[in-house]
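K.L.:
So that you have it, the file is work30.tsv, and it contains TSV, C-alpha atoms:
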```tsv
chain	number	residue	atom	x	y	z
L	47	MET	CA	45.27	53.82	50.42
L	48	LYS	CA	46.72	50.54	51.63
L	49	LYS	CA	50.19	50.73	53.12
L	50	ASN	CA	52.31	48.07	51.47
L	51	LYS	CA	55.79	48.34	52.88
L	52	GLN	CA	57.15	45.37	50.92
L	53	SER	CA	56.82	46.82	47.41
L	54	GLY	CA	57.32	50.21	45.81
L	55	MET	CA	59.67	53.06	46.60
L	56	THR	CA	60.84	54.67	49.83
L	57	PHE	CA	58.79	56.28	52.59
L	58	ILE	CA	59.53	59.80	51.28
L	59	VAL	CA	58.12	59.05	47.82
L	60	LYS	CA	55.03	57.42	49.31
L	61	THR	CA	54.31	60.40	51.60
L	62	ILE	CA	54.67	62.93	48.79
L	63	THR	CA	52.47	60.75	46.58
L	64	ASN	CA	49.78	60.76	49.28
L	65	LEU	CA	49.94	64.56	49.43
L	66	ILE	CA	49.97	65.17	45.68
L	67	ILE	CA	47.54	62.58	44.33
L	68	GLY	CA	44.35	64.40	45.32
L	69	PHE	CA	45.49	67.64	43.72
L	70	MET	CA	46.33	65.81	40.48
L	71	MET	CA	42.91	64.15	40.32
L	72	VAL	CA	41.06	67.41	41.11
L	73	PHE	CA	43.05	69.41	38.56
L	74	GLY	CA	42.44	66.73	35.92
L	75	ALA	CA	38.70	66.86	36.63
L	76	TYR	CA	38.77	70.69	36.48
L	77	ILE	CA	40.55	70.67	33.10
L	78	VAL	CA	37.94	68.25	31.76
L	79	LEU	CA	34.81	69.94	33.16
L	80	TYR	CA	35.88	73.46	32.12
L	81	GLY	CA	37.28	72.30	28.77
L	82	HIS	CA	34.65	74.26	26.82
L	83	ILE	CA	35.28	77.51	28.76
L	84	THR	CA	39.05	77.64	29.38
L	85	PRO	CA	41.95	75.86	27.64
L	86	GLY	CA	41.95	72.14	28.27
L	87	GLY	CA	39.61	69.35	27.38
L	88	GLY	CA	39.17	65.63	27.54
L	89	PHE	CA	42.55	64.53	26.25
L	90	PRO	CA	44.90	66.42	28.66
L	91	GLY	CA	42.54	65.77	31.59
L	92	GLY	CA	42.46	62.07	30.80
L	93	VAL	CA	46.24	61.87	30.52
L	94	MET	CA	46.54	63.70	33.86
L	95	ILE	CA	44.26	61.17	35.60
L	96	ALA	CA	46.24	58.35	33.97
L	97	LEU	CA	49.43	60.00	35.32
L	98	ALA	CA	47.93	59.99	38.83
L	99	TYR	CA	47.40	56.22	38.62
L	100	ILE	CA	50.89	55.77	37.13
L	101	LEU	CA	52.31	57.73	40.10
L	102	ILE	CA	50.56	55.32	42.48
L	103	THR	CA	51.97	52.41	40.46
L	104	LEU	CA	55.51	53.76	40.70
L	105	ALA	CA	55.32	54.65	44.39
L	106	TYR	CA	53.33	51.73	45.82
L	107	GLY	CA	53.83	48.93	43.32
L	108	ARG	CA	51.49	47.17	40.95
L	109	LYS	CA	49.40	45.23	43.48
L	110	VAL	CA	48.07	48.33	45.26
L	111	VAL	CA	46.99	50.05	42.05
L	112	GLU	CA	45.43	46.86	40.72
L	113	SER	CA	43.34	46.61	43.89
L	114	MET	CA	41.99	50.11	43.05
L	115	VAL	CA	41.47	49.72	39.27
L	116	SER	CA	42.28	46.29	37.86
L	117	GLY	CA	43.46	45.83	34.28
L	118	ILE	CA	40.18	44.24	33.25
L	119	ALA	CA	38.17	47.14	34.74
L	120	GLY	CA	40.41	49.66	32.94
L	121	SER	CA	39.98	47.80	29.66
L	122	ILE	CA	36.18	47.75	30.07
L	123	ALA	CA	36.15	51.49	30.92
L	124	ASP	CA	38.25	52.17	27.80
L	125	ASP	CA	35.73	50.32	25.61
L	126	PHE	CA	32.85	52.05	27.43
L	127	GLY	CA	34.25	55.52	26.63
L	128	ALA	CA	34.53	54.70	22.93
L	129	LEU	CA	31.01	53.26	22.97
L	130	VAL	CA	29.56	56.40	24.62
L	131	ILE	CA	30.97	58.63	21.85
L	132	LEU	CA	29.50	56.31	19.22
L	133	VAL	CA	26.07	56.18	20.91
L	134	LEU	CA	25.99	60.00	21.30
L	135	GLY	CA	26.84	60.34	17.61
L	136	LEU	CA	24.06	57.93	16.65
L	137	ILE	CA	21.54	59.77	18.87
L	138	GLY	CA	22.58	62.98	17.07
L	139	LEU	CA	22.03	61.21	13.73
L	140	TRP	CA	18.55	60.16	14.89
L	141	ILE	CA	17.55	63.61	16.23
L	142	GLY	CA	19.34	66.14	14.04
L	143	GLY	CA	20.02	64.25	10.84
L	144	THR	CA	23.85	64.39	10.94
L	145	PHE	CA	26.29	62.12	12.77
L	146	LEU	CA	27.57	63.67	16.06
L	147	PHE	CA	24.88	66.39	15.96
L	148	ASN	CA	24.89	68.70	19.01
L	149	PHE	CA	21.35	68.02	20.24
L	150	LEU	CA	21.40	69.20	23.88
L	151	PRO	CA	20.39	72.82	24.78
L	152	LYS	CA	23.22	75.32	24.39
L	153	GLY	CA	22.76	77.27	27.64
L	154	THR	CA	24.34	80.61	28.46
L	155	PRO	CA	28.01	81.15	27.56
L	156	PHE	CA	30.63	81.11	30.38
L	157	SER	CA	28.46	78.85	32.57
L	158	LEU	CA	29.47	75.29	33.40
L	159	PHE	CA	26.48	73.60	31.77
L	160	SER	CA	26.68	75.20	28.33
L	161	ALA	CA	27.68	74.11	24.84
L	162	GLY	CA	25.35	71.11	24.77
L	163	ASN	CA	27.01	67.79	23.99
L	164	ILE	CA	30.60	68.96	24.33
L	165	ILE	CA	30.82	68.28	28.08
L	166	LEU	CA	29.58	64.71	27.50
L	167	TYR	CA	32.11	64.17	24.70
L	168	ASN	CA	34.87	65.51	26.98
L	169	LEU	CA	33.90	63.13	29.79
L	170	ALA	CA	33.80	60.14	27.42
L	171	ILE	CA	37.20	61.05	25.93
L	172	THR	CA	38.60	61.42	29.46
L	173	VAL	CA	37.54	57.90	30.44
L	174	LYS	CA	38.79	56.49	27.14
L	175	VAL	CA	42.19	58.18	27.03
L	176	GLY	CA	42.93	57.94	30.76
L	177	MET	CA	42.10	54.28	31.12
L	178	SER	CA	43.77	53.23	27.85
L	179	LEU	CA	47.08	54.95	28.75
L	180	TYR	CA	46.86	53.51	32.28
L	181	ILE	CA	46.44	49.94	31.03
L	182	VAL	CA	49.28	50.51	28.53
L	183	PHE	CA	51.58	51.31	31.46
L	184	LEU	CA	50.23	48.34	33.43
L	185	ALA	CA	50.73	46.04	30.43
L	186	LEU	CA	54.33	47.25	29.98
L	187	ALA	CA	55.05	46.49	33.66
L	188	ILE	CA	53.48	43.03	33.31
L	189	LEU	CA	55.35	42.28	30.08
L	190	GLN	CA	58.63	43.19	31.73
L	191	ARG	CA	57.89	40.78	34.56
L	192	VAL	CA	56.78	37.93	32.27
L	193	VAL	CA	60.04	38.24	30.33
L	194	THR	CA	62.06	37.92	33.52
L	195	GLU	CA	60.03	34.83	34.48
L	196	ASP	CA	60.85	33.19	31.16
L	197	GLU	CA	64.52	34.04	31.58
L	198	THR	CA	64.65	32.60	35.10
L	199	GLN	CA	63.06	29.41	33.82
L	200	GLU	CA	65.66	29.19	31.06
L	201	VAL	CA	68.44	29.68	33.60
L	202	ARG	CA	67.03	26.88	35.77
L	203	LYS	CA	67.00	24.48	32.80
M	160	MET	CA	58.65	91.00	16.61
M	161	GLU	CA	59.71	89.95	20.13
M	162	THR	CA	57.78	86.70	19.70
M	163	VAL	CA	59.73	85.87	16.56
M	164	ILE	CA	63.06	86.43	18.34
M	165	ILE	CA	61.99	84.21	21.25
M	166	LEU	CA	60.80	81.55	18.79
M	167	HIS	CA	64.15	81.56	16.99
M	168	LEU	CA	65.91	81.20	20.35
M	169	LEU	CA	63.68	78.25	21.28
M	170	LEU	CA	64.26	76.73	17.84
M	171	GLY	CA	68.02	76.92	18.43
M	172	PHE	CA	67.63	75.12	21.77
M	173	MET	CA	65.49	72.46	20.09
M	174	ILE	CA	68.14	71.83	17.43
M	175	ILE	CA	70.86	71.59	20.11
M	176	GLY	CA	68.75	69.11	22.09
M	177	SER	CA	68.10	66.99	19.01
M	178	ILE	CA	71.79	66.85	18.12
M	179	ILE	CA	72.64	65.84	21.73
M	180	THR	CA	69.96	63.12	21.53
M	181	ILE	CA	71.47	61.64	18.37
M	182	GLU	CA	75.13	61.91	19.28
M	183	ILE	CA	75.21	60.97	22.98
M	184	LYS	CA	76.25	57.42	23.93
M	185	ASN	CA	74.22	57.00	27.13
M	186	MET	CA	70.60	55.94	26.44
M	187	LEU	CA	69.17	57.57	29.59
M	188	SER	CA	70.80	60.91	28.74
M	189	ALA	CA	69.38	60.67	25.21
M	190	VAL	CA	65.88	60.14	26.64
M	191	ILE	CA	66.30	63.16	28.93
M	192	ALA	CA	67.45	65.29	25.97
M	193	VAL	CA	64.30	64.21	24.06
M	194	GLY	CA	62.26	65.35	27.05
M	195	ALA	CA	63.99	68.74	27.04
M	196	VAL	CA	63.11	69.15	23.34
M	197	GLY	CA	59.48	68.29	24.11
M	198	PHE	CA	59.23	70.87	26.89
M	199	ILE	CA	60.75	73.55	24.64
M	200	VAL	CA	58.13	72.66	22.00
M	201	SER	CA	55.39	73.30	24.56
M	202	MET	CA	57.00	76.67	25.44
M	203	ALA	CA	56.97	77.57	21.75
M	204	PHE	CA	53.27	76.72	21.61
M	205	LEU	CA	52.67	79.04	24.57
M	206	PHE	CA	54.46	81.94	22.86
M	207	LEU	CA	52.44	81.30	19.68
M	208	GLY	CA	49.24	81.71	21.70
M	209	ALA	CA	48.05	78.09	21.75
M	210	PRO	CA	47.52	77.13	25.42
M	211	ASP	CA	45.35	74.11	24.58
M	212	ILE	CA	48.03	72.33	22.63
M	213	ALA	CA	50.72	73.48	25.10
M	214	ILE	CA	48.91	71.76	28.01
M	215	THR	CA	48.50	68.59	25.97
M	216	GLN	CA	52.15	68.67	24.88
M	217	VAL	CA	53.46	69.05	28.47
M	218	ILE	CA	51.30	66.25	29.86
M	219	VAL	CA	51.92	63.77	27.04
M	220	GLU	CA	55.64	64.60	27.26
M	221	ILE	CA	55.65	63.70	30.98
M	222	LEU	CA	53.87	60.41	30.27
M	223	SER	CA	56.19	59.40	27.43
M	224	LEU	CA	59.25	60.40	29.51
M	225	ILE	CA	58.11	58.17	32.38
M	226	ILE	CA	57.60	55.23	30.02
M	227	LEU	CA	60.92	55.81	28.18
M	228	ILE	CA	62.93	56.24	31.39
M	229	ARG	CA	61.37	53.10	32.84
M	230	ALA	CA	62.23	51.25	29.63
M	231	THR	CA	65.85	52.46	29.41
M	232	ILE	CA	66.89	52.68	33.06
M	233	ASN	CA	67.98	49.03	33.21
M	234	VAL	CA	69.52	48.91	29.72
M	235	ASP	CA	73.22	48.19	29.51
M	236	ASN	CA	74.38	51.52	28.14
M	237	GLU	CA	77.83	50.46	27.03
M	238	ALA	CA	76.58	47.59	24.86
M	239	ILE	CA	75.49	49.83	21.99
M	240	GLU	CA	78.22	49.79	19.39
M	241	LYS	CA	78.76	51.93	16.37
M	242	LYS	CA	77.68	50.40	13.07
M	243	GLU	CA	79.75	50.54	9.92
M	244	GLU	CA	78.85	53.54	7.80
M	245	HIS	CA	77.66	52.77	4.29
M	246	VAL	CA	78.79	55.27	1.65
M	247	LEU	CA	75.86	54.50	-0.67
M	248	SER	CA	73.17	55.07	1.97
M	249	ASN	CA	74.78	58.37	2.98
M	250	ARG	CA	74.79	59.57	-0.63
M	251	THR	CA	71.16	58.50	-1.15
M	252	THR	CA	70.11	60.36	1.99
M	253	LEU	CA	71.94	63.50	0.88
M	254	ILE	CA	70.33	63.38	-2.60
M	255	PHE	CA	66.84	63.00	-1.12
M	256	VAL	CA	67.38	65.82	1.37
M	257	GLY	CA	68.60	68.05	-1.48
M	258	VAL	CA	65.55	67.27	-3.64
M	259	ILE	CA	63.23	67.99	-0.68
M	260	LEU	CA	65.02	71.30	0.00
M	261	VAL	CA	64.65	72.37	-3.65
M	262	PHE	CA	60.92	71.65	-3.60
M	263	ALA	CA	60.58	73.31	-0.18
M	264	TRP	CA	62.15	76.49	-1.61
M	265	PHE	CA	59.36	76.77	-4.20
M	266	ALA	CA	56.66	75.63	-1.75
M	267	PHE	CA	57.55	78.16	0.96
M	268	HIS	CA	57.56	81.00	-1.58
M	269	SER	CA	53.94	80.26	-2.48
M	270	LEU	CA	52.87	80.29	1.18
M	271	ARG	CA	51.52	83.34	2.98
M	272	PRO	CA	53.86	85.16	5.41
M	273	PHE	CA	54.09	83.90	9.00
M	274	GLY	CA	51.32	85.15	11.27
M	275	GLU	CA	48.91	86.17	8.50
M	276	PRO	CA	46.82	83.07	7.80
M	277	LEU	CA	43.91	82.75	5.40
M	278	MET	CA	40.75	83.33	7.45
M	279	ARG	CA	38.16	81.96	5.04
M	280	VAL	CA	36.91	79.02	7.14
M	281	SER	CA	38.18	80.20	10.52
M	282	ASN	CA	36.19	83.44	10.26
M	283	PHE	CA	32.99	81.43	10.03
M	284	TYR	CA	33.88	79.59	13.25
M	285	LEU	CA	34.81	82.81	15.06
M	286	ILE	CA	31.62	84.63	14.01
M	287	HIS	CA	29.06	81.81	14.38
M	288	GLY	CA	30.83	79.64	17.01
M	289	LEU	CA	29.46	81.26	20.15
M	290	ALA	CA	25.90	81.45	18.88
M	291	GLU	CA	25.72	77.97	17.38
M	292	VAL	CA	27.73	75.95	19.91
M	293	GLY	CA	27.80	78.06	23.09
M	294	ALA	CA	31.37	77.15	24.02
M	295	THR	CA	33.64	80.08	24.84
M	296	ASN	CA	36.77	78.02	24.10
M	297	PHE	CA	36.71	78.07	20.32
M	298	VAL	CA	39.26	75.30	20.01
M	299	THR	CA	36.88	72.96	21.83
M	300	SER	CA	33.94	74.11	19.75
M	301	VAL	CA	35.90	73.34	16.59
M	302	ILE	CA	37.28	69.95	17.59
M	303	LEU	CA	34.11	68.68	19.30
M	304	ASP	CA	31.36	70.28	17.24
M	305	PHE	CA	32.35	71.56	13.79
M	306	ARG	CA	35.01	68.89	13.34
M	307	ALA	CA	33.68	66.24	15.75
M	308	TYR	CA	34.00	63.53	13.11
M	309	ASP	CA	37.78	64.06	13.02
M	310	THR	CA	38.01	63.79	16.81
M	311	PHE	CA	35.91	60.63	16.70
M	312	GLY	CA	38.34	59.18	14.16
M	313	GLU	CA	41.34	60.11	16.33
M	314	ALA	CA	39.79	58.42	19.37
M	315	MET	CA	39.26	55.29	17.27
M	316	VAL	CA	42.88	55.47	16.03
M	317	LEU	CA	44.07	55.45	19.65
M	318	PHE	CA	41.76	52.53	20.44
M	319	VAL	CA	42.87	50.44	17.44
M	320	SER	CA	46.58	51.19	17.90
M	321	ILE	CA	46.50	50.16	21.57
M	322	SER	CA	44.60	46.98	20.72
M	323	GLY	CA	47.14	46.18	18.00
M	324	ALA	CA	50.09	46.84	20.31
M	325	PHE	CA	48.54	44.55	22.91
M	326	VAL	CA	48.14	41.72	20.42
M	327	ILE	CA	51.64	42.08	18.97
M	328	LEU	CA	53.49	42.55	22.27
M	329	ARG	CA	51.77	39.74	24.17
M	330	ARG	CA	53.88	37.00	25.69
M	331	TRP	CA	51.09	34.67	26.84
M	332	LYS	CA	49.79	31.74	24.87
M	333	ARG	CA	46.35	31.60	23.36
M	334	GLU	CA	44.84	29.27	25.96
M	335	GLN	CA	46.09	31.49	28.80
M	336	HIS	CA	44.51	34.64	27.43
M	337	LYS	CA	41.72	34.68	30.00
M	338	ASP	CA	44.07	35.81	32.75
M	339	PHE	CA	45.86	38.47	30.73
M	340	LEU	CA	46.46	41.58	32.85
M	341	ARG	CA	45.63	39.47	35.90
M	342	ILE	CA	48.87	37.58	36.55
M	343	ASP	CA	49.23	37.76	40.30
M	344	ARG	CA	52.19	35.43	40.87
M	345	GLU	CA	55.33	37.18	42.03
M	346	HIS	CA	58.55	35.80	40.64
```
Would you encode the structure as structure tokens?

P.N.:
Amino acid sequence: MKKNKQSGMTFIVKTITNLIIGFMMVFGAYIVLYGHITPGGGFPGGVMIALAYILITLAYGRKVVESMVSGIAGSIADDFGALVILVLGLIGLWIGGTFLFNFLPKGTPFSLFSAGNIILYNLAITVKVGMSLYIVFLALAILQRVVTEDETQEVRK
Amino acid sequence: METVIILHLLLGFMIIGSIITIEIKNMLSAVIAVGAVGFIVSMAFLFLGAPDIAITQVIVEILSLIILIRATINVDNEAIEKKEEHVLSNRTTLIFVGVILVFAWFAFHSLRPFGEPLMRVSNFYLIHGLAEVGATNFVTSVILDFRAYDTFGEAMVLFVSISGAFVILRRWKREQHKDFLRIDREH
């Protein structure tokens, strides 16, 4: 992670962010991957990963987080997640005869690779939800800044 | 029986938090009171035995609190003035609330008692879920297999609402739209 001492919050917040961010990402991934065995799933895991990026935004400023995942890349990942769900549904329609048919092998219960398609749906929902909420936060920060630019221009006139 | 007592206690806290949210003058304090109500809702979900929705509630509550605090932290709190109260709108509100309460009285009497739901469809999921889907978390097997079409629709609702919010809230002109989200100039 790049150290940018000009923007963001104080040294204490940045240090604690460095310590915490890995745990947040790993716990989000755990909630997603074990969503069909224990409580959890794609939506809370995705929001947790989005919260990790929002924490970086708050602690280090917008430039650092945009060098990791830019707004355009987040937007494309958001569309990609939605597209993956649609394509999986259409493959299910082609194989099983109904839209969103569970066509992969079911496996043994309580193992990680069980329940067929559900793990793929969870991963797609994670990418979709996480990236869309992240770019919402990024867009709100940008909108705030654009408004202040307009106001400063009005003051100069 | 203990669960019901705890739920009533949590419900009381929720009502207190909502009243504080409405009546308090400071915007930031109102946002924090909303957050307290949200966290109590997630506790109620935990006591009702719904850990899936409790996790989602906590995490979404944190996200919305961050966004709301960031939006209200620079607002001039003293600038919000009290509006004049209209007698007619108050009376209309009271009449509508009364009508809804009368209908709710009849509706709640035709419902089943709390904690004893109809198990006509749910029994099918509980009996055949493990064999047909293979997921041990039945909530996931319902929302992503038996009712996957609903979940697909919800994902699309999120997608469309965020796209709509982007289009409505934009401040850039049409010819500048290629560098949206990429404005690198610092003011």

K.L.:
Could you give me, as JSON lines, a per-residue list for chain L showing, wherever an atom lies at most 8 Å from an atom of chain M, the closest pair of atoms and their distance in Å to one decimal, using only C-alpha atoms and sorting by chain then residue number from low to high?

P.N.:
```
{"residue": "L:Gly81", "atom": "CA", "partner": "M:Thr299", "partner_atom": "CA", "distance": 7.0}
{"residue": "L:His82", "atom": "CA", "partner": "M:Asn296", "partner_atom": "CA", "distance": 5.1}
{"residue": "L:Ile83", "atom": "CA", "partner": "M:Asn296", "partner_atom": "CA", "distance": 4.9}
{"residue": "L:Thr84", "atom": "CA", "partner": "M:Asn296", "partner_atom": "CA", "distance": 5.8}
{"residue": "L:Pro85", "atom": "CA", "partner": "M:Asp211", "partner_atom": "CA", "distance": 4.9}
{"residue": "L:Gly86", "atom": "CA", "partner": "M:Asp211", "partner_atom": "CA", "distance": 5.4}
{"residue": "L:Gly87", "atom": "CA", "partner": "M:Thr299", "partner_atom": "CA", "distance": 7.2}
{"residue": "L:Phe89", "atom": "CA", "partner": "M:Thr215", "partner_atom": "CA", "distance": 7.2}
{"residue": "L:Pro90", "atom": "CA", "partner": "M:Thr215", "partner_atom": "CA", "distance": 5.0}
{"residue": "L:Val93", "atom": "CA", "partner": "M:Ile218", "partner_atom": "CA", "distance": 6.7}
{"residue": "L:Met94", "atom": "CA", "partner": "M:Ile218", "partner_atom": "CA", "distance": 6.7}
{"residue": "L:Leu97", "atom": "CA", "partner": "M:Leu222", "partner_atom": "CA", "distance": 6.7}
{"residue": "L:Ser116", "atom": "CA", "partner": "M:Arg341", "partner_atom": "CA", "distance": 7.8}
{"residue": "L:Gly117", "atom": "CA", "partner": "M:Leu340", "partner_atom": "CA", "distance": 5.4}
{"residue": "L:Ile118", "atom": "CA", "partner": "M:Leu340", "partner_atom": "CA", "distance": 6.8}
{"residue": "L:Ala128", "atom": "CA", "partner": "M:Ala314", "partner_atom": "CA", "distance": 7.4}
{"residue": "L:Ile131", "atom": "CA", "partner": "M:Phe311", "partner_atom": "CA", "distance": 7.4}
{"residue": "L:Phe145", "atom": "CA", "partner": "M:Tyr308", "partner_atom": "CA", "distance": 7.8}
{"residue": "L:Leu146", "atom": "CA", "partner": "M:Ala307", "partner_atom": "CA", "distance": 6.6}
{"residue": "L:Phe147", "atom": "CA", "partner": "M:Asp304", "partner_atom": "CA", "distance": 7.7}
{"residue": "L:Asn148", "atom": "CA", "partner": "M:Asp304", "partner_atom": "CA", "distance": 6.9}
{"residue": "L:Lys152", "atom": "CA", "partner": "M:Gly293", "partner_atom": "CA", "distance": 5.5}
{"residue": "L:Gly153", "atom": "CA", "partner": "M:Gly293", "partner_atom": "CA", "distance": 6.8}
{"residue": "L:Thr154", "atom": "CA", "partner": "M:Gly293", "partner_atom": "CA", "distance": 6.9}
{"residue": "L:Pro155", "atom": "CA", "partner": "M:Gly293", "partner_atom": "CA", "distance": 5.4}
{"residue": "L:Phe156", "atom": "CA", "partner": "M:Thr295", "partner_atom": "CA", "distance": 6.4}
{"residue": "L:Ser160", "atom": "CA", "partner": "M:Gly293", "partner_atom": "CA", "distance": 6.1}
{"residue": "L:Ala161", "atom": "CA", "partner": "M:Gly293", "partner_atom": "CA", "distance": 4.3}
{"residue": "L:Gly162", "atom": "CA", "partner": "M:Val292", "partner_atom": "CA", "distance": 7.3}
{"residue": "L:Ile164", "atom": "CA", "partner": "M:Leu303", "partner_atom": "CA", "distance": 6.1}
{"residue": "L:Tyr167", "atom": "CA", "partner": "M:Leu303", "partner_atom": "CA", "distance": 7.3}
{"residue": "L:Ile171", "atom": "CA", "partner": "M:Ala314", "partner_atom": "CA", "distance": 7.5}
{"residue": "L:Ser178", "atom": "CA", "partner": "M:Ile321", "partner_atom": "CA", "distance": 7.5}
{"residue": "L:Val182", "atom": "CA", "partner": "M:Ile321", "partner_atom": "CA", "distance": 7.5}
{"residue": "L:Phe183", "atom": "CA", "partner": "M:Ile226", "partner_atom": "CA", "distance": 7.3}
{"residue": "L:Leu184", "atom": "CA", "partner": "M:Leu340", "partner_atom": "CA", "distance": 7.8}
{"residue": "L:Ala185", "atom": "CA", "partner": "M:Leu340", "partner_atom": "CA", "distance": 6.6}
{"residue": "L:Ile188", "atom": "CA", "partner": "M:Leu340", "partner_atom": "CA", "distance": 7.2}
{"residue": "L:Leu189", "atom": "CA", "partner": "M:Arg330", "partner_atom": "CA", "distance": 7.0}
{"residue": "L:Arg191", "atom": "CA", "partner": "M:His346", "partner_atom": "CA", "distance": 7.9}
{"residue": "L:Val192", "atom": "CA", "partner": "M:Arg330", "partner_atom": "CA", "distance": 7.3}
{"residue": "L:Val193", "atom": "CA", "partner": "M:Arg330", "partner_atom": "CA", "distance": 7.8}
{"residue": "L:Glu195", "atom": "CA", "partner": "M:His346", "partner_atom": "CA", "distance": 6.4}
```

K.L.:
Any idea what the distance is between atom CA of M:Ile228 and atom CA of M:Glu182?

P.N.:
18.1 Å

K.L.:
To one decimal in Å, tell me the separation between atom CA of M:Ala192 and atom CA of M:Gly176.

P.N.:
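Computing the Euclidean distance for atom CA of M:Ala192 and atom CA of M:Gly176 yields 5.6 Å.
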
K.L.:
Quote the spacing between atom CA of M:Phe262 and atom CA of M:Gly274 in Å to one decimal place.

P.N.:
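Atom CA of M:Gly274 lies 22.3 Å from atom CA of M:Phe262.
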
K.L.:
From the options M:Ser201, M:Thr251, M:Asn233, M:Asn282, which residue's atoms come nearest to M:Leu170, counting only C-alpha atoms?

P.N.:
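Closest residue, counting only C-alpha atoms: M:Ser201.
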
K.L.:
Which residue gives the smallest distance to L:Met177 among L:Phe159, L:Phe126, L:Phe149, L:Trp140, with only C-alpha atoms counted?

P.N.:
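Of L:Phe159, L:Phe126, L:Phe149, L:Trp140, the one nearest L:Met177 is L:Phe126, counting only C-alpha atoms.
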